[in-house]
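Input: a single structure, listed below in structure tokens.
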Amino acid sequence: MENLVVLDAATIGENSIFDAFKSFGNLRVFATTNNAERLQHIDNASIIITNKVIIDKEIMDACPSLKLICLTATGMNNVDLPYAKSKGIIVKNVAGYSTESVVQHTFATLLTLLQHTAYYSEYVFSKKYSNQNLFTHIGPGYMELNGRTWGIIGLGTIGRRVAEVASAFGCKVVYYSTSGSNHTSDYQEVTLDKLLKTADIISIHSPLNEQTNGLIGINEIRKMKPTAYLINVGRGGIIKENDLAQGLQENCIAGACIDVMQKEPLPLESPLLDTSIQNKLVITPHVAWVSDKALKSLMELTYKNVETFVAGK
């Protein structure tokens with residue numbers, strides 16, 4: 001029987017979502033774990049289940065019982081992977097569980113902003129609509145996607161699925177491969193410079209690495225159309241947030257949709273929270289991955305990772 005510990009259950013949902021893991025042995029579940037609590041919470045666990053808690057050399061050296069680190073996420077940057085390998089500690093993540101969820105969120109946030117949904121809803125609830133003579137209120141209007149150019153930065157699994165949906169809306173899809181390894185003849189591959197200058201919608205679906213860190217700054221934003229929209233559901237840090245706020249204030253682009261940030265939660269002093277650009281932004285708290293089906297798949301895949309490890313011992 002194993003000693004298992006869940007370090008940050010609150011990032012997934014209720015503690016009880018992990019009850020099935022009791023079949024593997026003694027299970028302890030913590031809603032959150034800060035850096036100072038890591039050793040106390042891990043104790044003699046042989047299996048760690050975590051989303052974002054940092055598992056570094058210090059922790060691995062201080063926890064000799066540790067054999068498996070299961071990440072309830074695709075990203076693995078919170079674990080010192082080379083050192084884990086040198087210690088014989090297995091690290092498992094989950095991939096592909098949230099593709100449809102992220103794609104749906106991409107379009108949900110864009111359409112909310114592009115169609116001025118909040119404005120029109122407020123107009124009705126303010127009773128202005130009820131007190132007018134016309135059957136409609138055109139207001140700011142909105143841009144139709146059909147016939148527009150959708151530029152995708154990062155043509156991985158999610159990027160390809162976004163391309164399919166954008167095509168269904170009648171968009172012409174172009175893409176820029178940040179890794180230089182993802183190519184397809186289904187859509188036109190262009191340079192980043194051309195994508196920025198020609199796309200009406202740009203969505204980012206790349207990991208954060210040396211190639212993508214700070215990829216979009218004020219110089220890139222100024223190349224975009226003033227009617228264009230920018231979406232980031234990839235990783236915070238790909239867009240320089242101060243520069244994005246500046247670009248919105250200068251009306252370089254029409255708006256932006258952000259689900260991932262350089263620092264999460266978003267600091268109170270962030271320029272993205274400036275009320276002067278509030279109507280040009282939709283910001284969601286890193287929730288593109290949390291649809292009901294995605295969470296169910298995530299837990300099933302995490303359970304399978306533990307089950308495979310236990311069975312192989």
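Simple scheme: letters A, B, ... for chains in structure tokens order, numbers from 1 for residues in each chain, numbers from 1 for ligands in the order shown.
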Considering only alpha helix (DSSP H) as DSSP defines it on the backbone, what residues of segment 233-274 of chain A qualify? List them as a list of chain:residue names.
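Those in segment 233-274 of chain A that DSSP calls alpha helix (DSSP H) are A:Glu241, A:Asn242, A:Asp243, A:Leu244, A:Ala245, A:Gln246, A:Gly247, A:Leu248, A:Gln249.
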Go ahead and dump the residues you just picked, N, CA and C atoms, as a compact mmCIF listing (two decimals), in the first residue's frame.
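And here is the file that came out, result_38.txt:
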# COMPACT_ATOMS: atom_id res chain seq x y z
N GLU A 241 2.33 42.06 -20.58
CA GLU A 241 1.06 42.63 -20.14
C GLU A 241 1.09 44.16 -20.08
N ASN A 242 2.19 44.74 -19.65
CA ASN A 242 2.29 46.20 -19.63
C ASN A 242 2.14 46.76 -21.04
N ASP A 243 2.74 46.06 -21.99
CA ASP A 243 2.67 46.50 -23.39
C ASP A 243 1.26 46.34 -23.95
N LEU A 244 0.58 45.27 -23.55
CA LEU A 244 -0.79 45.08 -24.00
C LEU A 244 -1.68 46.21 -23.49
N ALA A 245 -1.54 46.54 -22.23
CA ALA A 245 -2.32 47.65 -21.67
C ALA A 245 -2.03 48.94 -22.42
N GLN A 246 -0.76 49.18 -22.72
CA GLN A 246 -0.38 50.38 -23.47
C GLN A 246 -0.99 50.35 -24.86
N GLY A 247 -0.95 49.21 -25.52
CA GLY A 247 -1.52 49.08 -26.86
C GLY A 247 -3.01 49.34 -26.88
N LEU A 248 -3.71 48.89 -25.85
CA LEU A 248 -5.16 49.13 -25.77
C LEU A 248 -5.45 50.60 -25.50
N GLN A 249 -4.63 51.22 -24.66
CA GLN A 249 -4.81 52.64 -24.37
C GLN A 249 -4.54 53.50 -25.60
Report as a Markdown table: every residue of segment 4-25 of chain A with an atom at most 10 Å from segment 281-292 of chain A, its closest pair of atoms, and their distance in Å to one decimal, counting only C-alpha atoms, with rows sorted by chain and ascending residue number.
| residue | atom | partner | partner_atom | distance |
| --- | --- | --- | --- | --- |
| A:Thr11 | CA | A:Val290 | CA | 9.9 |
| A:Ile12 | CA | A:Val290 | CA | 8.3 |
| A:Gly13 | CA | A:Val290 | CA | 9.7 |
I need the residues of segment 111-308 of chain A that end up classed as strand (DSSP E) by DSSP on the backbone, written out as an MDAnalysis selection string.
chainID A and resid 149:153 172:176 188:189 201:204 229:232 255:258 281:283
Output file for the residues above (N, CA, C and O atoms, as a compact mmCIF listing (two decimals), in the first residue's frame):
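Generated file (part-v1.txt):
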# COMPACT_ATOMS: atom_id res chain seq x y z
N THR A 149 -9.75 37.06 -41.47
CA THR A 149 -8.54 36.25 -41.36
C THR A 149 -8.26 35.97 -39.89
O THR A 149 -8.15 36.89 -39.08
N TRP A 150 -8.16 34.67 -39.57
CA TRP A 150 -7.86 34.24 -38.20
C TRP A 150 -6.41 33.74 -38.18
O TRP A 150 -6.06 32.78 -38.84
N GLY A 151 -5.58 34.40 -37.40
CA GLY A 151 -4.19 34.00 -37.28
C GLY A 151 -3.95 33.20 -36.01
O GLY A 151 -4.35 33.62 -34.92
N ILE A 152 -3.31 32.06 -36.14
CA ILE A 152 -3.05 31.18 -35.01
C ILE A 152 -1.55 31.12 -34.73
O ILE A 152 -0.75 30.83 -35.62
N ILE A 153 -1.19 31.41 -33.49
CA ILE A 153 0.20 31.30 -33.05
C ILE A 153 0.32 30.02 -32.24
O ILE A 153 -0.20 29.93 -31.13
N LYS A 172 -10.70 32.72 -42.97
CA LYS A 172 -9.48 32.23 -43.59
C LYS A 172 -8.45 32.08 -42.49
O LYS A 172 -8.19 33.01 -41.74
N VAL A 173 -7.87 30.89 -42.37
CA VAL A 173 -6.93 30.61 -41.28
C VAL A 173 -5.50 30.65 -41.79
O VAL A 173 -5.16 30.03 -42.80
N VAL A 174 -4.65 31.40 -41.10
CA VAL A 174 -3.21 31.37 -41.32
C VAL A 174 -2.55 31.06 -39.98
O VAL A 174 -3.17 31.24 -38.92
N TYR A 175 -1.32 30.57 -40.03
CA TYR A 175 -0.69 30.21 -38.76
C TYR A 175 0.81 30.47 -38.78
O TYR A 175 1.45 30.55 -39.83
N TYR A 176 1.35 30.61 -37.55
CA TYR A 176 2.79 30.74 -37.34
C TYR A 176 3.19 29.68 -36.33
O TYR A 176 2.63 29.60 -35.23
N GLN A 188 -2.51 28.14 -44.46
CA GLN A 188 -1.32 28.84 -44.94
C GLN A 188 -0.39 29.20 -43.79
O GLN A 188 -0.79 29.83 -42.82
N GLU A 189 0.86 28.79 -43.91
CA GLU A 189 1.87 29.15 -42.92
C GLU A 189 2.50 30.49 -43.32
O GLU A 189 2.85 30.70 -44.48
N ILE A 201 -8.22 38.39 -36.29
CA ILE A 201 -8.23 37.75 -34.98
C ILE A 201 -6.91 37.00 -34.85
O ILE A 201 -6.50 36.28 -35.76
N ILE A 202 -6.24 37.15 -33.70
CA ILE A 202 -5.02 36.37 -33.44
C ILE A 202 -5.21 35.64 -32.11
O ILE A 202 -5.50 36.26 -31.09
N SER A 203 -5.07 34.32 -32.15
CA SER A 203 -5.18 33.53 -30.92
C SER A 203 -3.89 32.77 -30.68
O SER A 203 -3.28 32.23 -31.60
N ILE A 204 -3.48 32.76 -29.42
CA ILE A 204 -2.21 32.15 -29.01
C ILE A 204 -2.47 30.82 -28.31
O ILE A 204 -3.24 30.75 -27.35
N TYR A 229 -8.41 41.72 -32.89
CA TYR A 229 -8.56 41.21 -31.52
C TYR A 229 -7.46 40.19 -31.24
O TYR A 229 -7.10 39.39 -32.11
N LEU A 230 -6.94 40.21 -30.02
CA LEU A 230 -5.86 39.32 -29.60
C LEU A 230 -6.35 38.43 -28.46
O LEU A 230 -6.95 38.92 -27.50
N ILE A 231 -6.10 37.13 -28.57
CA ILE A 231 -6.55 36.16 -27.57
C ILE A 231 -5.35 35.36 -27.06
O ILE A 231 -4.55 34.88 -27.86
N ASN A 232 -5.23 35.22 -25.75
CA ASN A 232 -4.19 34.35 -25.19
C ASN A 232 -4.80 33.32 -24.25
O ASN A 232 -5.24 33.65 -23.15
N GLY A 255 -9.37 45.04 -29.14
CA GLY A 255 -9.60 44.40 -27.86
C GLY A 255 -8.76 43.16 -27.68
O GLY A 255 -8.06 42.71 -28.59
N ALA A 256 -8.84 42.57 -26.47
CA ALA A 256 -8.06 41.38 -26.16
C ALA A 256 -8.83 40.51 -25.17
O ALA A 256 -9.61 41.01 -24.34
N CYS A 257 -8.60 39.21 -25.26
CA CYS A 257 -9.18 38.22 -24.36
C CYS A 257 -8.03 37.44 -23.72
O CYS A 257 -7.23 36.83 -24.44
N ILE A 258 -7.96 37.46 -22.41
CA ILE A 258 -6.83 36.88 -21.70
C ILE A 258 -7.34 35.88 -20.65
O ILE A 258 -8.17 36.22 -19.82
N LEU A 281 -11.46 44.64 -22.91
CA LEU A 281 -10.83 43.43 -22.40
C LEU A 281 -11.85 42.46 -21.82
O LEU A 281 -12.82 42.86 -21.18
N VAL A 282 -11.61 41.17 -22.06
CA VAL A 282 -12.24 40.11 -21.29
C VAL A 282 -11.11 39.34 -20.64
O VAL A 282 -10.24 38.80 -21.32
N ILE A 283 -11.08 39.33 -19.32
CA ILE A 283 -10.05 38.60 -18.58
C ILE A 283 -10.74 37.55 -17.72
O ILE A 283 -11.62 37.88 -16.92
Closest-contact table, segment 259-308 of chain A side, partner segment 14-23 of chain A, 10 Å, counting only C-alpha atoms, as CSV:
residue,atom,partner,partner_atom,distance
A:Lys296,CA,A:Ile17,CA,9.6
A:Met299,CA,A:Ile17,CA,8.2
A:Glu300,CA,A:Ala20,CA,10.0
A:Thr302,CA,A:Phe21,CA,9.7
A:Tyr303,CA,A:Phe21,CA,7.0
A:Val306,CA,A:Phe21,CA,8.4
A:Glu307,CA,A:Phe21,CA,9.1
Using C-alpha atoms, can you write the selected residues to a file as a short mmCIF file (atom, residue, chain, number, x, y, z; two decimals), in the first residue's frame?
data_model
loop_
_atom_site.label_atom_id
_atom_site.label_comp_id
_atom_site.auth_asym_id
_atom_site.auth_seq_id
_atom_site.Cartn_x
_atom_site.Cartn_y
_atom_site.Cartn_z
CA LYS A 296 -13.59 14.35 -15.53
CA MET A 299 -9.09 12.88 -13.01
CA GLU A 300 -9.42 9.67 -15.01
CA THR A 302 -4.39 11.04 -13.27
CA TYR A 303 -5.90 7.93 -11.69
CA VAL A 306 -1.11 6.18 -10.42
CA GLU A 307 -2.66 2.82 -11.27
#
If you count only C-alpha atoms, the residue of A:Ile239, A:Ala9, A:Val91, A:Ala62 closest to Asn44 of chain A turns out to be A:Ala62
From the options A:Leu68, A:Leu273, A:Ile59, A:Leu4, which residue's atoms come nearest to Ala45 of chain A, counting only C-alpha atoms?
A:Leu4
Report as a ChimeraX atom specification all protein, DNA and RNA residues lying within 9 Å of His137 of chain A, evaluated on only C-alpha atoms, omitting residues in the same chain fewer than 6 positions from it.
/A:120,123,129
Nearest to Gly75 of chain A among A:Ala166, A:Leu208, A:Leu215, A:Ile49, with distances taken over only C-alpha atoms: which residue is it?
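Selected residue with least distance to Gly75 of chain A: A:Leu208.
Counting from atom CA of Asn131 of chain A, the distance to atom CA of Leu111 of chain A is 27.2 Å.
Coordinates place atom CA of Gln115 of chain A at a distance of 18.8 Å from atom CA of Lys128 of chain A.
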When you look at Ile69 of chain A with a cut-off of 8 Å (counting only C-alpha atoms), what residues show up, excluding the ones that are within fewer than 6 positions of it in the same chain? I need them as a ChimeraX atom specification.
/A:47-50,89-92
Could the residues in this selection be written to a file with N, CA, C and O atoms, as a compact mmCIF listing (two decimals), in the first residue's frame?
# COMPACT_ATOMS: atom_id res chain seq x y z
N ILE A 47 3.85 8.95 -3.22
CA ILE A 47 3.19 9.50 -4.40
C ILE A 47 2.65 10.89 -4.09
O ILE A 47 1.88 11.06 -3.14
N ILE A 48 3.07 11.85 -4.89
CA ILE A 48 2.55 13.22 -4.78
C ILE A 48 1.61 13.46 -5.95
O ILE A 48 1.93 13.13 -7.09
N ILE A 49 0.45 14.04 -5.66
CA ILE A 49 -0.47 14.49 -6.70
C ILE A 49 -0.61 16.00 -6.54
O ILE A 49 -1.01 16.48 -5.47
N THR A 50 -0.24 16.74 -7.57
CA THR A 50 -0.26 18.19 -7.46
C THR A 50 -0.49 18.84 -8.81
O THR A 50 -0.24 18.24 -9.85
N ILE A 89 12.93 9.29 -9.75
CA ILE A 89 11.54 9.64 -9.43
C ILE A 89 10.78 9.82 -10.74
O ILE A 89 11.19 10.59 -11.61
N ILE A 90 9.68 9.12 -10.89
CA ILE A 90 8.87 9.19 -12.10
C ILE A 90 7.97 10.43 -12.03
O ILE A 90 7.36 10.70 -10.99
N VAL A 91 7.88 11.17 -13.13
CA VAL A 91 6.99 12.32 -13.21
C VAL A 91 6.01 12.10 -14.36
O VAL A 91 6.42 11.84 -15.48
N LYS A 92 4.72 12.18 -14.05
CA LYS A 92 3.68 11.97 -15.05
C LYS A 92 2.77 13.20 -15.12
O LYS A 92 2.37 13.74 -14.08
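The spacing separating atom CA of Leu66 of chain A from atom CA of Ala84 of chain A amounts to 9.9 Å.
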Could you tell me which of A:Met76, A:Val260, A:Val165, A:Val190 comes closest to Glu100 of chain A if we count only C-alpha atoms?
A:Val165
